[in-house]
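Read the structure below first, then the notes.
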Amino acid sequence: MRNDFAERTRWFREARFGMFIHWGLYAIPSRGEWVRSLEKLSVEEYRPFFEEFDPVRYDPRQWAKLAKAAGMKYAVMTAKHHDGFCLFDSKLTDYKATYTPAGRDLIREYVEAFREEGLRVGLYYSIIDWHHDDYPAYGDKIHPMRDNEAFKNKPIEFGRYLDYMHGQVKELLTNYGKIDVMWFDFSYDDMTGEKWRATELVRMMRSLQPDIVIDNRLGGNIKAAAPEEYAGDFASPEQMLPAEGIANEAGRPIPWEACITLNDHWGYCSSDRNYKSAKTVVRGLVECVSKGGNLLLNVGPDAKGVIPHEAVEILREVGRWMDANADSVYGCGAASLPKPEWGRYTQNGNKLYAHLFDRGMGPTSFAGMNGKIKRARLLADGAEIKVETPWMAYEYPDDAFVTLGGAELPDGIDTVIELELA
Ligand code: FHN
């Protein structure tokens, strides 16, 4: 089991950077993917968006090229979100993209386009389903009909919903080729673990796709010394970066991936123009890697199938940094050094990467590293950087120093020095 786990997650732990894509009917009201719950919209009130959905400018090849240019190695796209709308041609429902004016299997086009660009493909699948008749509604914590008296005594057969949910997961892992990540979302209160028949579900998945990497949102405790079979392969902190890496109860680091929006919404929200800068994204990615984790950065395409231009521009600028510095991200993880004042360390074998965020004043110090650095190079252009102790630092014999010319760093986003260890 242990070796399988290490092998199964190797590519994931090395990839470090992925694109999250939240897209569906909710792009039309353009108030985010929770619009049905937040505004308590009935299936009937939401129906016009199904009748209308026709993303005439959807071109996943462009999305894939953008992700690749940004330095992303994998993507995870919503096959079905909480609203129950299926972007794939499921035989188990009519509530799907192929029955809208779009008339297309949007997931098939996505997996083919991203594989064509050399990226691994993941699917987001909501185990919550606000459209299915047999999903608990009245009195639920978040269901759009949670307060609707008409649903109070409505009989449901939850087992029938689970058969549907398991059946769709089987469709996705049977009909769309090799799926690298299954991103379930999400368990809450008693809706967790075996309530979903999670062990049966995961065993079915692994029988179809033994190498698939699964998140931890079916429930269970991924940090347990002996986690449940359905507890997942990686932890999934959301909209925050953990203070340190993530380890299990035995102190063993576990794979993790922080999922973060580029603005403040997962699904398209036309009024939300509050986008993070490329600098924030790069430094967030470096922080994740410095703590042994991944960054899954979200885009929310609009109702036409277009990724907002702000997101495109940010990802292109991130890509320009990655073009010169990706060696300090891919295959890297935490260094066994304390976080330095000037930025962060990442490490890959005998290559230690110093990510300088702040120029500071005077020489740059690598605490405790005197005699341990064979050579230093500016990663972006390979220029030699001399490792030597200047006169003003003589009283710090344990530390190593480099002296960068100028008052500002060569790259204001993140200047990376590659330190080859002796
Ligand atoms: O409710 C979802 C939300 O819409 C979004 O998909 C995020 C992404 O991780 N997950 C849930 C909130 O935790």
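Ligands are numbered from 1 in the order shown, residues from 1 within each chain, and chains are lettered A, B, ... in the order they appear in the structure tokens.
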
- Query: Do you know which residues are at most 10 Å from Gly412 in chain A counting only C-alpha atoms, after dropping those on the same chain fewer than 2 positions away, and could you put them as an NGL selection string?
  - Reply: :A and (279 or 356-359 or 408-410 or 414-415)

Could you save the residues just selected, with all heavy atoms, as a CSV table (one decimal), in the first residue's frame?
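Below is the file again_30.csv, written as the result:
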chain,number,residue,atom,x,y,z
A,279,LYS,N,2.6,38.6,-8.9
A,279,LYS,CA,3.6,38.5,-7.8
A,279,LYS,C,3.0,37.7,-6.6
A,279,LYS,O,3.6,36.8,-6.1
A,279,LYS,CB,4.0,39.9,-7.2
A,279,LYS,CG,4.9,39.8,-6.0
A,279,LYS,CD,5.1,41.2,-5.4
A,279,LYS,CE,6.0,42.1,-6.1
A,279,LYS,NZ,6.4,43.3,-5.3
A,356,LEU,N,14.5,35.2,-3.3
A,356,LEU,CA,14.6,36.5,-2.6
A,356,LEU,C,13.4,37.4,-3.0
A,356,LEU,O,13.2,37.8,-4.1
A,356,LEU,CB,15.9,37.2,-3.0
A,356,LEU,CG,17.2,36.8,-2.3
A,356,LEU,CD1,17.4,35.3,-2.4
A,356,LEU,CD2,18.4,37.6,-2.8
A,357,PHE,N,12.6,37.6,-1.9
A,357,PHE,CA,11.4,38.5,-2.1
A,357,PHE,C,11.8,40.0,-1.8
A,357,PHE,O,11.3,40.9,-2.3
A,357,PHE,CB,10.3,38.1,-1.3
A,357,PHE,CG,9.7,36.7,-1.6
A,357,PHE,CD1,8.9,36.1,-0.6
A,357,PHE,CD2,10.0,36.1,-2.8
A,357,PHE,CE1,8.3,34.8,-0.9
A,357,PHE,CE2,9.4,34.8,-3.0
A,357,PHE,CZ,8.6,34.2,-2.1
A,358,ASP,N,12.7,40.1,-0.8
A,358,ASP,CA,13.1,41.4,-0.3
A,358,ASP,C,14.6,41.6,-0.5
A,358,ASP,O,15.4,40.8,0.0
A,358,ASP,CB,12.7,41.6,1.2
A,358,ASP,CG,11.2,41.4,1.4
A,358,ASP,OD1,10.4,42.0,0.6
A,358,ASP,OD2,10.9,40.5,2.2
A,359,ARG,N,15.0,42.7,-1.0
A,359,ARG,CA,16.4,43.0,-1.3
A,359,ARG,C,17.1,43.2,0.1
A,359,ARG,O,18.2,42.8,0.4
A,359,ARG,CB,16.6,44.2,-2.2
A,359,ARG,CG,18.1,44.7,-2.3
A,359,ARG,CD,19.0,43.7,-3.0
A,359,ARG,NE,20.3,44.2,-3.1
A,359,ARG,CZ,21.3,44.1,-2.1
A,359,ARG,NH1,20.9,43.6,-0.9
A,359,ARG,NH2,22.5,44.5,-2.3
A,408,GLU,N,17.8,47.3,-5.7
A,408,GLU,CA,16.6,46.5,-6.0
A,408,GLU,C,17.0,45.1,-6.5
A,408,GLU,O,18.1,44.9,-7.1
A,408,GLU,CB,15.8,47.2,-7.0
A,408,GLU,CG,15.3,48.6,-6.6
A,408,GLU,CD,14.4,48.5,-5.3
A,408,GLU,OE1,13.7,47.5,-5.1
A,408,GLU,OE2,14.5,49.5,-4.5
A,409,LEU,N,16.1,44.2,-6.3
A,409,LEU,CA,16.4,42.8,-6.9
A,409,LEU,C,16.2,42.7,-8.4
A,409,LEU,O,15.4,43.5,-8.9
A,409,LEU,CB,15.4,41.8,-6.2
A,409,LEU,CG,15.6,41.6,-4.7
A,409,LEU,CD1,14.5,40.8,-4.1
A,409,LEU,CD2,16.9,40.8,-4.5
A,410,PRO,N,17.0,41.9,-9.0
A,410,PRO,CA,16.8,41.7,-10.5
A,410,PRO,C,15.4,41.4,-10.9
A,410,PRO,O,14.9,41.9,-11.9
A,410,PRO,CB,17.7,40.6,-10.8
A,410,PRO,CG,18.7,40.5,-9.7
A,410,PRO,CD,18.0,41.0,-8.5
A,414,ASP,N,10.3,37.6,-7.7
A,414,ASP,CA,11.0,36.7,-6.9
A,414,ASP,C,12.3,36.4,-7.6
A,414,ASP,O,12.3,35.9,-8.7
A,414,ASP,CB,10.2,35.3,-6.8
A,414,ASP,CG,11.0,34.2,-6.1
A,414,ASP,OD1,12.1,34.5,-5.6
A,414,ASP,OD2,10.5,33.1,-6.1
A,415,THR,N,13.4,36.8,-7.0
A,415,THR,CA,14.7,36.6,-7.6
A,415,THR,C,15.3,35.3,-7.0
A,415,THR,O,15.4,35.1,-5.8
A,415,THR,CB,15.7,37.7,-7.3
A,415,THR,OG1,15.2,38.9,-7.9
A,415,THR,CG2,17.1,37.4,-7.7

Using only C-alpha atoms and all ligand atoms, find each residue of chain A with at least one atom at most 8 Å away from an atom of ligand 1; report its shortest atom-to-atom pair and that distance in Å (one decimal), sort the rows by chain and rising residue number, and return the result as a Markdown table.
| residue | atom | partner | partner_atom_place_in_ligand_line | distance |
| --- | --- | --- | --- | --- |
| A:His22 | CA | ligand 1 | 6 (O) | 7.1 |
| A:Glu33 | CA | ligand 1 | 4 (O) | 5.7 |
| A:Trp34 | CA | ligand 1 | 4 (O) | 6.0 |
| A:His81 | CA | ligand 1 | 6 (O) | 7.0 |
| A:His82 | CA | ligand 1 | 1 (O) | 7.2 |
| A:Ser126 | CA | ligand 1 | 6 (O) | 8.0 |
| A:Asp185 | CA | ligand 1 | 10 (N) | 5.9 |
| A:Phe186 | CA | ligand 1 | 11 (C) | 6.3 |
| A:Ser236 | CA | ligand 1 | 9 (O) | 7.8 |
| A:Glu238 | CA | ligand 1 | 9 (O) | 5.9 |
| A:Cys259 | CA | ligand 1 | 9 (O) | 5.9 |
| A:Ile260 | CA | ligand 1 | 9 (O) | 7.7 |
| A:Trp266 | CA | ligand 1 | 5 (C) | 6.0 |
| A:Gly267 | CA | ligand 1 | 4 (O) | 7.5 |

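Proximity of A:Ala303, A:Val289, A:Ala6, A:Ala334 to Asp54 in chain A, computed with only C-alpha atoms, is greatest for A:Ala303.
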
- Query: Just asking: which residues within range 94-317 of chain A are strand (DSSP E) according to DSSP, as a ChimeraX atom specification?
  - Reply: /A:120-126,181-185,213-214,257-261,294-299

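Around range 127-138 of chain A, within 7 Å and counting only C-alpha atoms, the residues found are Val43, His82, Asp83, Gly84, His143, Met145, Arg146, Asp147, Asn148, Phe151, Lys152, Ile156, Glu157, Phe158, Arg160, Tyr161, Met165, Phe184, Asp185 and Phe186 of chain A, once anything fewer than 3 positions away on its own chain is removed.
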
Export of prior selection with N, CA, C and O atoms as a compact mmCIF listing (two decimals), in the first residue's frame:
# COMPACT_ATOMS: atom_id res chain seq x y z
N VAL A 43 -35.32 24.53 -8.60
CA VAL A 43 -34.90 23.94 -9.88
C VAL A 43 -35.58 24.69 -11.04
O VAL A 43 -34.95 24.99 -12.06
N HIS A 82 -22.30 21.50 -7.28
CA HIS A 82 -23.43 21.21 -6.39
C HIS A 82 -24.78 21.36 -7.08
O HIS A 82 -25.77 20.77 -6.63
N ASP A 83 -24.85 22.17 -8.13
CA ASP A 83 -26.16 22.39 -8.80
C ASP A 83 -26.60 21.17 -9.59
O ASP A 83 -27.69 21.13 -10.13
N GLY A 84 -25.72 20.16 -9.66
CA GLY A 84 -26.11 18.90 -10.28
C GLY A 84 -26.00 18.88 -11.79
O GLY A 84 -26.24 17.85 -12.43
N HIS A 143 -28.75 23.21 1.25
CA HIS A 143 -29.56 22.96 0.07
C HIS A 143 -30.46 24.17 -0.24
O HIS A 143 -31.02 24.76 0.68
N MET A 145 -33.39 24.38 -1.11
CA MET A 145 -34.77 24.19 -0.63
C MET A 145 -34.81 23.83 0.86
O MET A 145 -35.81 23.30 1.34
N ARG A 146 -33.75 24.21 1.59
CA ARG A 146 -33.63 23.82 3.00
C ARG A 146 -34.75 24.37 3.87
O ARG A 146 -35.08 23.80 4.91
N ASP A 147 -35.33 25.48 3.48
CA ASP A 147 -36.42 26.08 4.28
C ASP A 147 -37.78 25.98 3.59
O ASP A 147 -38.76 26.55 4.04
N ASN A 148 -37.84 25.28 2.49
CA ASN A 148 -39.07 25.24 1.70
C ASN A 148 -40.00 24.14 2.22
O ASN A 148 -39.71 22.95 2.10
N PHE A 151 -40.89 20.84 0.68
CA PHE A 151 -39.95 19.71 0.67
C PHE A 151 -39.92 18.97 2.00
O PHE A 151 -39.22 17.99 2.18
N LYS A 152 -40.74 19.46 2.98
CA LYS A 152 -40.63 18.94 4.34
C LYS A 152 -40.92 17.44 4.42
O LYS A 152 -40.18 16.68 5.04
N ILE A 156 -37.71 10.70 0.06
CA ILE A 156 -36.53 10.52 -0.80
C ILE A 156 -35.94 9.14 -0.55
O ILE A 156 -36.16 8.52 0.50
N GLU A 157 -35.22 8.63 -1.52
CA GLU A 157 -34.54 7.34 -1.41
C GLU A 157 -33.04 7.63 -1.60
O GLU A 157 -32.53 7.65 -2.72
N PHE A 158 -32.33 7.93 -0.49
CA PHE A 158 -30.94 8.38 -0.58
C PHE A 158 -30.06 7.31 -1.24
O PHE A 158 -29.12 7.62 -1.96
N ARG A 160 -30.84 5.53 -3.67
CA ARG A 160 -30.95 5.71 -5.13
C ARG A 160 -30.03 6.84 -5.59
O ARG A 160 -29.39 6.74 -6.64
N TYR A 161 -29.92 7.88 -4.75
CA TYR A 161 -28.97 8.96 -5.10
C TYR A 161 -27.55 8.41 -5.12
O TYR A 161 -26.78 8.68 -6.05
N MET A 165 -24.79 8.59 -7.97
CA MET A 165 -23.48 9.24 -7.78
C MET A 165 -22.36 8.26 -8.11
O MET A 165 -21.44 8.57 -8.88
N PHE A 184 -13.16 15.20 -5.21
CA PHE A 184 -14.52 15.18 -4.67
C PHE A 184 -14.73 16.41 -3.80
O PHE A 184 -13.81 16.92 -3.15
N ASP A 185 -16.02 16.87 -3.71
CA ASP A 185 -16.33 18.06 -2.91
C ASP A 185 -17.79 17.97 -2.49
O ASP A 185 -18.63 17.80 -3.39
N PHE A 186 -18.25 18.12 -1.27
CA PHE A 186 -17.46 18.00 -0.06
C PHE A 186 -18.37 17.34 0.98
O PHE A 186 -19.58 17.29 0.82

- Message: What's the separation between CA of Phe234 in chain A and CA of Met322 in chain A, in Å to one decimal place?
- Response: 24.2 Å

- Task: Extract, using only C-alpha atoms, all DNA, RNA and protein residues at most 12 Å from Ser290 in chain A, discarding same-chain residues fewer than 3 positions from it, and format them as a ChimeraX atom specification.
- Result: /A:16,241-246,283-287,293-295,328-340,343-348,352-355

Those same residues, written as a short mmCIF file (atom, residue, chain, number, x, y, z; two decimals), in the first residue's frame with N, CA and C atoms?
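And here's out-v6.cif as it stands now:
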data_model
loop_
_atom_site.label_atom_id
_atom_site.label_comp_id
_atom_site.auth_asym_id
_atom_site.auth_seq_id
_atom_site.Cartn_x
_atom_site.Cartn_y
_atom_site.Cartn_z
N ARG A 16 3.46 20.24 -8.65
CA ARG A 16 3.38 21.43 -7.81
C ARG A 16 2.36 22.49 -8.25
N LEU A 241 -3.03 29.29 2.97
CA LEU A 241 -1.83 28.44 2.90
C LEU A 241 -1.49 28.04 4.33
N PRO A 242 -1.35 26.76 4.60
CA PRO A 242 -1.08 26.32 5.98
C PRO A 242 0.21 26.93 6.51
N ALA A 243 0.23 27.17 7.81
CA ALA A 243 1.39 27.84 8.44
C ALA A 243 2.67 27.04 8.21
N GLU A 244 2.53 25.72 8.25
CA GLU A 244 3.68 24.84 7.98
C GLU A 244 3.21 23.82 6.95
N GLY A 245 4.08 22.84 6.68
CA GLY A 245 3.63 21.73 5.83
C GLY A 245 2.54 20.97 6.56
N ILE A 246 2.02 19.92 5.96
CA ILE A 246 0.97 19.11 6.58
C ILE A 246 1.53 17.71 6.80
N ARG A 283 4.52 34.09 -5.42
CA ARG A 283 4.99 33.94 -4.04
C ARG A 283 4.12 32.94 -3.27
N GLY A 284 2.84 32.85 -3.65
CA GLY A 284 1.99 31.84 -3.03
C GLY A 284 2.39 30.44 -3.47
N LEU A 285 2.70 30.29 -4.74
CA LEU A 285 3.17 29.00 -5.26
C LEU A 285 4.47 28.60 -4.56
N VAL A 286 5.41 29.53 -4.46
CA VAL A 286 6.70 29.25 -3.81
C VAL A 286 6.48 28.89 -2.34
N GLU A 287 5.54 29.58 -1.70
CA GLU A 287 5.26 29.26 -0.28
C GLU A 287 4.74 27.83 -0.17
N GLY A 293 3.98 21.46 -0.57
CA GLY A 293 2.63 21.35 -1.13
C GLY A 293 2.53 21.89 -2.54
N ASN A 294 1.31 21.76 -3.07
CA ASN A 294 0.96 22.22 -4.43
C ASN A 294 0.04 23.43 -4.34
N LEU A 295 -0.05 24.15 -5.45
CA LEU A 295 -1.04 25.21 -5.59
C LEU A 295 -1.96 24.87 -6.76
N SER A 328 13.06 25.77 -9.76
CA SER A 328 12.96 25.99 -8.30
C SER A 328 11.59 25.62 -7.76
N VAL A 329 10.72 25.10 -8.67
CA VAL A 329 9.35 24.68 -8.30
C VAL A 329 9.13 23.20 -8.55
N TYR A 330 9.30 22.78 -9.83
CA TYR A 330 9.01 21.37 -10.17
C TYR A 330 9.96 20.43 -9.41
N GLY A 331 9.40 19.41 -8.81
CA GLY A 331 10.22 18.42 -8.14
C GLY A 331 10.83 18.91 -6.85
N CYS A 332 10.51 20.17 -6.47
CA CYS A 332 11.07 20.73 -5.24
C CYS A 332 10.13 20.52 -4.07
N GLY A 333 10.70 20.71 -2.90
CA GLY A 333 9.90 20.62 -1.68
C GLY A 333 10.54 21.46 -0.60
N ALA A 334 10.23 21.15 0.63
CA ALA A 334 10.73 21.92 1.76
C ALA A 334 12.22 21.69 1.94
N ALA A 335 12.92 22.73 2.34
CA ALA A 335 14.33 22.61 2.72
C ALA A 335 14.38 22.43 4.24
N SER A 336 15.48 21.80 4.72
CA SER A 336 15.55 21.59 6.17
C SER A 336 16.23 22.79 6.82
N LEU A 337 15.77 23.95 6.44
CA LEU A 337 16.33 25.19 6.99
C LEU A 337 15.17 26.07 7.46
N PRO A 338 15.39 26.90 8.46
CA PRO A 338 14.33 27.82 8.88
C PRO A 338 14.05 28.86 7.79
N LYS A 339 12.87 29.37 7.77
CA LYS A 339 12.51 30.39 6.78
C LYS A 339 13.42 31.61 6.96
N PRO A 340 14.09 32.04 5.89
CA PRO A 340 14.98 33.20 6.01
C PRO A 340 14.20 34.51 6.00
N GLY A 343 13.00 35.81 2.32
CA GLY A 343 12.07 35.13 1.40
C GLY A 343 11.85 33.70 1.81
N ARG A 344 12.09 32.75 0.90
CA ARG A 344 11.84 31.34 1.19
C ARG A 344 12.88 30.47 0.48
N TYR A 345 13.04 29.26 1.01
CA TYR A 345 13.87 28.23 0.37
C TYR A 345 12.95 27.15 -0.22
N THR A 346 13.34 26.63 -1.36
CA THR A 346 12.82 25.34 -1.83
C THR A 346 14.04 24.48 -2.13
N GLN A 347 13.85 23.16 -2.19
CA GLN A 347 15.02 22.30 -2.41
C GLN A 347 14.65 21.08 -3.23
N ASN A 348 15.61 20.69 -4.06
CA ASN A 348 15.47 19.46 -4.84
C ASN A 348 16.84 18.77 -4.84
N LEU A 352 19.63 23.83 -3.67
CA LEU A 352 18.83 24.64 -2.74
C LEU A 352 18.52 25.95 -3.46
N TYR A 353 17.25 26.31 -3.49
CA TYR A 353 16.84 27.53 -4.20
C TYR A 353 16.48 28.62 -3.19
N ALA A 354 17.19 29.72 -3.27
CA ALA A 354 16.91 30.88 -2.42
C ALA A 354 16.00 31.82 -3.20
N HIS A 355 14.77 31.97 -2.71
CA HIS A 355 13.78 32.86 -3.34
C HIS A 355 13.81 34.20 -2.61
#

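Using only C-alpha atoms, the shortest contact distance between His265 in chain A and any of A:Val76, A:Ile142, A:Gly300, A:Trp183 is found at A:Gly300.
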
- Query: Just asking: which residues within range 199-414 of chain A are alpha helix (DSSP H) according to DSSP, as an NGL selection string?
  - Reply: :A and (199-208 or 278-290 or 309-325)

Can I get the selected residues back with N, CA and C atoms, as a short mmCIF file (atom, residue, chain, number, x, y, z; two decimals), in the first residue's frame?
data_model
loop_
_atom_site.label_atom_id
_atom_site.label_comp_id
_atom_site.auth_asym_id
_atom_site.auth_seq_id
_atom_site.Cartn_x
_atom_site.Cartn_y
_atom_site.Cartn_z
N THR A 199 -16.06 3.70 0.98
CA THR A 199 -15.11 2.61 0.75
C THR A 199 -15.43 1.89 -0.56
N GLU A 200 -16.71 1.59 -0.75
CA GLU A 200 -17.17 0.93 -1.99
C GLU A 200 -16.81 1.81 -3.19
N LEU A 201 -17.03 3.11 -3.05
CA LEU A 201 -16.75 4.04 -4.16
C LEU A 201 -15.26 4.03 -4.51
N VAL A 202 -14.41 4.16 -3.51
CA VAL A 202 -12.96 4.23 -3.77
C VAL A 202 -12.44 2.90 -4.33
N ARG A 203 -12.98 1.79 -3.82
CA ARG A 203 -12.53 0.49 -4.35
C ARG A 203 -12.92 0.35 -5.82
N MET A 204 -14.12 0.81 -6.16
CA MET A 204 -14.54 0.78 -7.57
C MET A 204 -13.61 1.65 -8.41
N MET A 205 -13.29 2.83 -7.89
CA MET A 205 -12.42 3.75 -8.64
C MET A 205 -11.05 3.14 -8.88
N ARG A 206 -10.49 2.55 -7.82
CA ARG A 206 -9.14 2.02 -7.96
C ARG A 206 -9.13 0.76 -8.84
N SER A 207 -10.28 0.11 -8.94
CA SER A 207 -10.33 -1.06 -9.84
C SER A 207 -10.32 -0.59 -11.30
N LEU A 208 -10.88 0.59 -11.52
CA LEU A 208 -10.93 1.13 -12.90
C LEU A 208 -9.64 1.90 -13.24
N ALA A 278 0.26 38.81 -10.23
CA ALA A 278 1.16 37.70 -10.59
C ALA A 278 2.18 37.49 -9.49
N LYS A 279 2.63 38.61 -8.85
CA LYS A 279 3.59 38.49 -7.75
C LYS A 279 2.98 37.68 -6.62
N THR A 280 1.75 37.98 -6.26
CA THR A 280 1.09 37.23 -5.19
C THR A 280 0.97 35.76 -5.54
N VAL A 281 0.62 35.48 -6.80
CA VAL A 281 0.49 34.09 -7.23
C VAL A 281 1.83 33.36 -7.16
N VAL A 282 2.87 33.97 -7.70
CA VAL A 282 4.19 33.31 -7.69
C VAL A 282 4.66 33.08 -6.26
N ARG A 283 4.52 34.09 -5.42
CA ARG A 283 4.99 33.94 -4.04
C ARG A 283 4.12 32.94 -3.27
N GLY A 284 2.84 32.85 -3.65
CA GLY A 284 1.99 31.84 -3.03
C GLY A 284 2.39 30.44 -3.47
N LEU A 285 2.70 30.29 -4.74
CA LEU A 285 3.17 29.00 -5.26
C LEU A 285 4.47 28.60 -4.56
N VAL A 286 5.41 29.53 -4.46
CA VAL A 286 6.70 29.25 -3.81
C VAL A 286 6.48 28.89 -2.34
N GLU A 287 5.54 29.58 -1.70
CA GLU A 287 5.26 29.26 -0.28
C GLU A 287 4.74 27.83 -0.17
N CYS A 288 3.82 27.46 -1.08
CA CYS A 288 3.31 26.08 -1.04
C CYS A 288 4.46 25.09 -1.20
N VAL A 289 5.29 25.29 -2.21
CA VAL A 289 6.39 24.35 -2.47
C VAL A 289 7.36 24.32 -1.29
N SER A 290 7.61 25.49 -0.70
CA SER A 290 8.56 25.56 0.44
C SER A 290 8.04 24.79 1.65
N HIS A 309 -10.18 38.16 -19.08
CA HIS A 309 -8.89 38.66 -19.58
C HIS A 309 -7.92 38.96 -18.44
N GLU A 310 -8.45 39.40 -17.29
CA GLU A 310 -7.53 39.66 -16.17
C GLU A 310 -6.78 38.38 -15.78
N ALA A 311 -7.52 37.29 -15.74
CA ALA A 311 -6.90 36.01 -15.37
C ALA A 311 -5.86 35.60 -16.41
N VAL A 312 -6.21 35.80 -17.67
CA VAL A 312 -5.28 35.46 -18.75
C VAL A 312 -3.97 36.23 -18.61
N GLU A 313 -4.11 37.54 -18.36
CA GLU A 313 -2.90 38.38 -18.26
C GLU A 313 -2.04 37.98 -17.05
N ILE A 314 -2.69 37.68 -15.94
CA ILE A 314 -1.95 37.28 -14.73
C ILE A 314 -1.22 35.96 -15.00
N LEU A 315 -1.91 35.00 -15.60
CA LEU A 315 -1.29 33.69 -15.83
C LEU A 315 -0.13 33.79 -16.82
N ARG A 316 -0.26 34.70 -17.78
CA ARG A 316 0.85 34.89 -18.73
C ARG A 316 2.08 35.49 -18.02
N GLU A 317 1.83 36.40 -17.08
CA GLU A 317 2.98 36.99 -16.35
C GLU A 317 3.60 35.94 -15.41
N VAL A 318 2.74 35.12 -14.82
CA VAL A 318 3.27 34.03 -13.98
C VAL A 318 4.14 33.10 -14.84
N GLY A 319 3.65 32.88 -16.06
CA GLY A 319 4.39 32.00 -16.97
C GLY A 319 5.76 32.55 -17.33
N ARG A 320 5.86 33.86 -17.48
CA ARG A 320 7.16 34.46 -17.79
C ARG A 320 8.14 34.21 -16.65
N TRP A 321 7.66 34.26 -15.41
CA TRP A 321 8.53 33.95 -14.27
C TRP A 321 8.88 32.47 -14.27
N MET A 322 7.89 31.65 -14.53
CA MET A 322 8.12 30.19 -14.53
C MET A 322 9.08 29.79 -15.64
N ASP A 323 9.01 30.45 -16.78
CA ASP A 323 9.92 30.10 -17.88
C ASP A 323 11.36 30.15 -17.39
N ALA A 324 11.68 31.12 -16.53
CA ALA A 324 13.07 31.31 -16.11
C ALA A 324 13.38 30.58 -14.80
N ASN A 325 12.37 30.20 -14.04
CA ASN A 325 12.63 29.76 -12.67
C ASN A 325 11.95 28.45 -12.28
#

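Distance-wise, CA of Asp398 in chain A and CA of Phe366 in chain A end up 9.1 Å apart.
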
Taking only C-alpha atoms into account, produce a table as CSV in which each residue of range 22-81 of chain A with an atom at most 12 Å from an atom of range 101-123 of chain A appears once, together with its shortest atom pair and the distance in Å to one decimal, ordered by chain and rising number.
residue,atom,partner,partner_atom,distance
A:His22,CA,A:Leu123,CA,10.5
A:Trp23,CA,A:Leu106,CA,10.1
A:Gly24,CA,A:Leu106,CA,9.9
A:Leu25,CA,A:Ala102,CA,11.1
A:Pro48,CA,A:Pro101,CA,11.6
A:Phe49,CA,A:Pro101,CA,10.4
A:Phe50,CA,A:Pro101,CA,8.4
A:Glu51,CA,A:Pro101,CA,7.0
A:Glu52,CA,A:Pro101,CA,6.5
A:Phe53,CA,A:Pro101,CA,5.9
A:Asp54,CA,A:Ala102,CA,4.3
A:Pro55,CA,A:Ala102,CA,6.3
A:Val56,CA,A:Ala102,CA,7.4
A:Arg57,CA,A:Ala102,CA,10.4
A:Tyr58,CA,A:Leu106,CA,8.6
A:Asp59,CA,A:Glu109,CA,8.4
A:Pro60,CA,A:Tyr110,CA,5.4
A:Arg61,CA,A:Ala113,CA,4.9
A:Gln62,CA,A:Ala113,CA,8.5
A:Trp63,CA,A:Phe114,CA,8.0
A:Ala64,CA,A:Phe114,CA,5.0
A:Lys65,CA,A:Glu117,CA,6.6
A:Leu66,CA,A:Glu117,CA,9.9
A:Ala67,CA,A:Leu119,CA,8.5
A:Lys68,CA,A:Glu117,CA,7.0
A:Ala69,CA,A:Glu117,CA,10.0
A:Ala70,CA,A:Leu119,CA,11.8
A:Gly71,CA,A:Leu119,CA,10.0
A:Met72,CA,A:Leu119,CA,7.7
A:Lys73,CA,A:Leu119,CA,5.2
A:Tyr74,CA,A:Arg120,CA,4.4
A:Ala75,CA,A:Val121,CA,5.2
A:Val76,CA,A:Gly122,CA,4.1
A:Met77,CA,A:Leu123,CA,5.1
A:Thr78,CA,A:Leu123,CA,5.9
A:Ala79,CA,A:Leu123,CA,6.0
A:Lys80,CA,A:Leu123,CA,8.8
A:His81,CA,A:Leu123,CA,10.6

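Separating CA of Cys269 in chain A from CA of Gly32 in chain A is a distance of 5.2 Å.
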
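Candidate residues A:Leu162, A:Ala393, A:Pro210, A:Thr93 were compared for distance to Asp4 in chain A, and the nearest is A:Pro210, using only C-alpha atoms.
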
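Each of A:Leu296, A:Met361, A:Leu218, A:Val213 was checked against Ser187 in chain A using only C-alpha atoms; the smallest atom-to-atom distance is that of A:Leu218.
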